[in-house]
Every structure is written in C-alpha cells, then in structure tokens.
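Below is one structure; the comments refer to it alone.
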Amino acid sequence: MFSLVIDASSMIGSYTERFTVPDFAITAGKARCEALEVLRRELVDAKFLNHLTMLRTQALLGVASDLLGQMSDGRFGFADSFDIVSRNSGVAHPPNLLSGGEKIQASLALALALAELHSRSGPALGSLFLDEGFAALDTTALDSALEVLRSQANGNRLVMVISHLHAVAEAVDDVLLVERTPAGSSARWLTPAQRDELAQADLVSGLQALAR
C-alpha cells in the first residue's frame, strides 16, 4: 500500500505568509473607505447642487467685481454676499446705499457677468439686449460704462442697447431710431452722419439750456 503523509502545520504556515497583508496597505484601504464614505454622504442631490451653486455664485461675483471696478474707476467691487465693497476702505455695505448711477453700474456689471459665464460654460451667447438707465450716470460714468459695453461687443457677440440718450447713440456702430408719430411709431437706420448730427443737436440743446 502506498501512503502519503502531509504535514498540515507546515502548509498553514506557508499560506499564512503568502496572504499576509502589510499594515500600510490596511491603513491606506481604511483611509480610502473613509474618503468614499464622506463622498457618499455629501454627494446627495441637495448638498451637491448647493455646492455647485456656491461655486457658480463665486465665479459670477468675481467677474462682476472686475467689471464694476472698470466702470467705477476702481472704487467698487462685490462681496460674497452681493454687498458692495468700497475698495479704498475695504468696507462692505448694502446695495441700497448706492446712488442711482452706482446702482446702474452694479446692475450692468452683474448682467454682463452672467452673459460672460454663460458663454464660458455653454453655447456662446451671440447677442445681449440691455434696456438701461444710463440717464442716471454722469458723463464720466457713462463713458466708462460704454467702454465696458464696447469691450463686450467683440468677436461674434452683438450688444444692443435701448436708450433715449443721443449720447449713447454716438458711441455705438449702428443706430435704429424709433420715433413716435401721430400715425404710430416709425423706425429707421441712421447713417453715421445722421447719428453724429443727432448727438450734436443734443449738445447744442444742452448748451442753450445752460445759457438760459
């Protein structure tokens, strides 16, 4: 009879050595599991959307602060809470403390920032329509706002401004003049010469009013 004797104790020792997991691997695995558990808790719909909204809002305020700084000669920017920061003092205050012209600048900065962010993360925004309140701006602030608008109207983007100020018409390339008549409203495109004549008439009218 042929017999086979197996030393089971030596086999157990051999398999134990072969499948021993180093301590550092166990530690790394636990850390990975803990990180995945944190993600599992945080990546629920409400928390994840809130996180994305916060990042988007920060990006919006960053772009809007740059634009507001350009329009206000470096005086103002936006805080994280949408308050207005006076850059000279670093003090933040509610938007309702701004003057009428400063509110227009802040609103315009936010509108342009929204358009800019949309173009960065989605289809390019080909046109932007602004029904503005430029009449509340003084000459310097108006020039700054129009300069920012000109910088936005580049490439394939069209910026259209609805305004009753002829000074705004002087600053844009194409002017569609809408006039009210007894028979209704009429609209016509102005030539560059007609546009300049319109702005000049406003200037003369203003000087005559001052002379009185």
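Letters A, B, ... go to the chains of the structure tokens in the order shown; residues in each chain start at 1; ligands are counted from 1 in the same order.
Every protein, DNA or RNA residue with an atom at most 8 Å from segment 133-144 of chain A, where only C-alpha atoms count and chain neighbours fewer than 5 positions away do not, is listed here: Gln70, Met71, Ser72, Asp73, Gly100, Gly101, Glu102, Ile104, Ser163 and Leu165 of chain A.
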Emit the selected residues as an mmCIF file, in the first residue's frame, including N, CA and C atoms.
data_model
loop_
_atom_site.group_PDB
_atom_site.id
_atom_site.type_symbol
_atom_site.label_atom_id
_atom_site.label_comp_id
_atom_site.auth_asym_id
_atom_site.auth_seq_id
_atom_site.Cartn_x
_atom_site.Cartn_y
_atom_site.Cartn_z
ATOM 1 N N GLN A 70 -14.040 98.456 -13.315
ATOM 2 C CA GLN A 70 -13.749 99.215 -14.544
ATOM 3 C C GLN A 70 -14.706 100.383 -14.719
ATOM 4 N N MET A 71 -15.970 100.185 -14.363
ATOM 5 C CA MET A 71 -16.963 101.234 -14.567
ATOM 6 C C MET A 71 -16.926 102.306 -13.485
ATOM 7 N N SER A 72 -16.405 101.964 -12.308
ATOM 8 C CA SER A 72 -16.416 102.916 -11.188
ATOM 9 C C SER A 72 -15.035 103.483 -10.894
ATOM 10 N N ASP A 73 -14.133 103.381 -11.862
ATOM 11 C CA ASP A 73 -12.774 103.897 -11.685
ATOM 12 C C ASP A 73 -12.087 103.251 -10.484
ATOM 13 N N GLY A 100 -28.150 106.436 -7.456
ATOM 14 C CA GLY A 100 -28.854 105.869 -8.598
ATOM 15 C C GLY A 100 -27.906 105.427 -9.701
ATOM 16 N N GLY A 101 -26.913 106.267 -10.001
ATOM 17 C CA GLY A 101 -25.951 105.920 -11.042
ATOM 18 C C GLY A 101 -25.097 104.725 -10.665
ATOM 19 N N GLU A 102 -24.715 104.624 -9.398
ATOM 20 C CA GLU A 102 -23.900 103.499 -8.941
ATOM 21 C C GLU A 102 -24.693 102.193 -8.979
ATOM 22 N N ILE A 104 -26.979 101.530 -11.202
ATOM 23 C CA ILE A 104 -26.991 101.153 -12.615
ATOM 24 C C ILE A 104 -25.687 100.442 -12.976
ATOM 25 N N SER A 163 -32.067 102.944 -25.550
ATOM 26 C CA SER A 163 -31.796 104.168 -24.808
ATOM 27 C C SER A 163 -32.457 105.362 -25.472
ATOM 28 N N LEU A 165 -31.008 108.324 -24.766
ATOM 29 C CA LEU A 165 -29.900 109.276 -24.741
ATOM 30 C C LEU A 165 -29.192 109.274 -26.091
#
Give me, as a PDB file with C-alpha atoms, in the first residue's frame, all polymer residues having an atom no more than 12 Å from segment 78-95 of chain A, counting only C-alpha atoms and skipping those fewer than 4 positions away in the same chain.
ATOM      1  CA  MET A  54     -21.864  78.336  -4.402  1.00  0.00           C
ATOM      2  CA  LEU A  55     -19.020  77.851  -6.901  1.00  0.00           C
ATOM      3  CA  ARG A  56     -21.088  79.415  -9.676  1.00  0.00           C
ATOM      4  CA  THR A  57     -22.005  82.397  -7.500  1.00  0.00           C
ATOM      5  CA  GLN A  58     -18.379  82.986  -6.556  1.00  0.00           C
ATOM      6  CA  ALA A  59     -17.393  82.941 -10.221  1.00  0.00           C
ATOM      7  CA  LEU A  60     -20.206  85.367 -11.080  1.00  0.00           C
ATOM      8  CA  LEU A  61     -19.193  87.820  -8.361  1.00  0.00           C
ATOM      9  CA  GLY A  62     -15.554  87.594  -9.393  1.00  0.00           C
ATOM     10  CA  VAL A  63     -16.309  88.603 -12.984  1.00  0.00           C
ATOM     11  CA  ALA A  64     -18.876  91.226 -11.893  1.00  0.00           C
ATOM     12  CA  SER A  65     -16.365  92.770  -9.465  1.00  0.00           C
ATOM     13  CA  ASP A  66     -13.845  93.251 -12.264  1.00  0.00           C
ATOM     14  CA  LEU A  67     -16.453  94.886 -14.491  1.00  0.00           C
ATOM     15  CA  LEU A  68     -17.793  97.091 -11.697  1.00  0.00           C
ATOM     16  CA  GLY A  69     -14.246  98.180 -10.911  1.00  0.00           C
ATOM     17  CA  SER A  72     -16.416 102.916 -11.188  1.00  0.00           C
ATOM     18  CA  ASP A  73     -12.774 103.897 -11.685  1.00  0.00           C
ATOM     19  CA  GLY A  74     -11.684 101.192  -9.249  1.00  0.00           C
ATOM     20  CA  SER A  99     -26.568 106.338  -5.595  1.00  0.00           C
ATOM     21  CA  GLY A 100     -28.854 105.869  -8.598  1.00  0.00           C
ATOM     22  CA  GLY A 101     -25.951 105.920 -11.042  1.00  0.00           C
ATOM     23  CA  GLU A 102     -23.900 103.499  -8.941  1.00  0.00           C
ATOM     24  CA  LYS A 103     -26.838 101.069  -8.815  1.00  0.00           C
ATOM     25  CA  ILE A 104     -26.991 101.153 -12.615  1.00  0.00           C
ATOM     26  CA  GLN A 105     -23.270 100.331 -12.767  1.00  0.00           C
ATOM     27  CA  ALA A 106     -23.671  97.416 -10.332  1.00  0.00           C
ATOM     28  CA  SER A 107     -26.696  96.033 -12.209  1.00  0.00           C
ATOM     29  CA  ALA A 109     -21.840  94.567 -14.148  1.00  0.00           C
ATOM     30  CA  LEU A 110     -23.951  91.630 -12.938  1.00  0.00           C
ATOM     31  CA  ALA A 113     -21.032  88.831 -15.858  1.00  0.00           C
TER      32      ALA A 113
END
Please extract the residues of segment 12-197 of chain A with a backbone DSSP assignment of strand (DSSP E or B) and present them as a PyMOL selection string. chain A and resi 76-78+84-86+91-93+127-131+158-162+176-181+184-189
How many Å separate atom CA of Phe76 of chain A from atom CA of Met160 of chain A?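 Spanning atom CA of Phe76 of chain A to atom CA of Met160 of chain A is a straight-line distance of 25.4 Å.
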Quick one: pull the distance between atom CA of Ala201 of chain A and atom CA of Glu170 of chain A, Å, one decimal.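 Atom-to-atom, atom CA of Ala201 of chain A to atom CA of Glu170 of chain A, that is 11.4 Å.
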For Ala199 of chain A, which of A:Ala35, A:Ala169, A:Leu158, A:Ala183 is the closest residue, counting only C-alpha atoms?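 Between A:Ala35, A:Ala169, A:Leu158, A:Ala183, the residue approaching Ala199 of chain A most closely is A:Ala169.
Nearest to Ala153 of chain A of all the residues A:Leu128, A:Ile26, A:Cys33, A:Ala171 is A:Leu128, counting only C-alpha atoms.
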Can you list, as an MDAnalysis selection string, every residue of chain A that DSSP puts in helix (DSSP H, G or I)? chainID A and resid 8:18 23:42 45:71 95:97 100:121 134:136 139:152 166:170 192:211
For atom CA of Val38 of chain A and atom CA of Phe24 of chain A, quote the distance in Å rounded to one decimal. 21.3 Å
For Gln194 of chain A, list every protein, DNA or RNA residue within 12 Å, evaluated using only C-alpha atoms, and leave out those in the same chain fewer than 2 positions away; present the list as a PyMOL selection string. chain A and resi 166+169-170+174-177+188-192+196-201
Residues as selected, C-alpha atoms, written as a PDB file, in the first residue's frame, can you do that?
ATOM      1  CA  HIS A 166     -28.449 110.504 -28.003  1.00  0.00           C
ATOM      2  CA  ALA A 169     -26.121 106.612 -29.986  1.00  0.00           C
ATOM      3  CA  GLU A 170     -22.884 108.468 -30.700  1.00  0.00           C
ATOM      4  CA  ASP A 174     -25.367 101.118 -35.797  1.00  0.00           C
ATOM      5  CA  VAL A 175     -28.368 103.153 -34.630  1.00  0.00           C
ATOM      6  CA  LEU A 176     -32.002 102.287 -35.177  1.00  0.00           C
ATOM      7  CA  LEU A 177     -34.007 105.444 -34.442  1.00  0.00           C
ATOM      8  CA  ARG A 188     -35.207 103.827 -39.495  1.00  0.00           C
ATOM      9  CA  TRP A 189     -31.488 103.080 -39.540  1.00  0.00           C
ATOM     10  CA  LEU A 190     -29.264 106.149 -39.305  1.00  0.00           C
ATOM     11  CA  THR A 191     -26.173 106.746 -41.376  1.00  0.00           C
ATOM     12  CA  PRO A 192     -23.001 107.689 -39.447  1.00  0.00           C
ATOM     13  CA  ASP A 196     -23.442 112.385 -35.369  1.00  0.00           C
ATOM     14  CA  GLU A 197     -25.956 115.095 -36.259  1.00  0.00           C
ATOM     15  CA  LEU A 198     -28.361 113.678 -33.676  1.00  0.00           C
ATOM     16  CA  ALA A 199     -25.712 113.778 -30.961  1.00  0.00           C
ATOM     17  CA  GLN A 200     -24.646 117.276 -31.981  1.00  0.00           C
ATOM     18  CA  ALA A 201     -28.232 118.513 -31.717  1.00  0.00           C
TER      19      ALA A 201
END
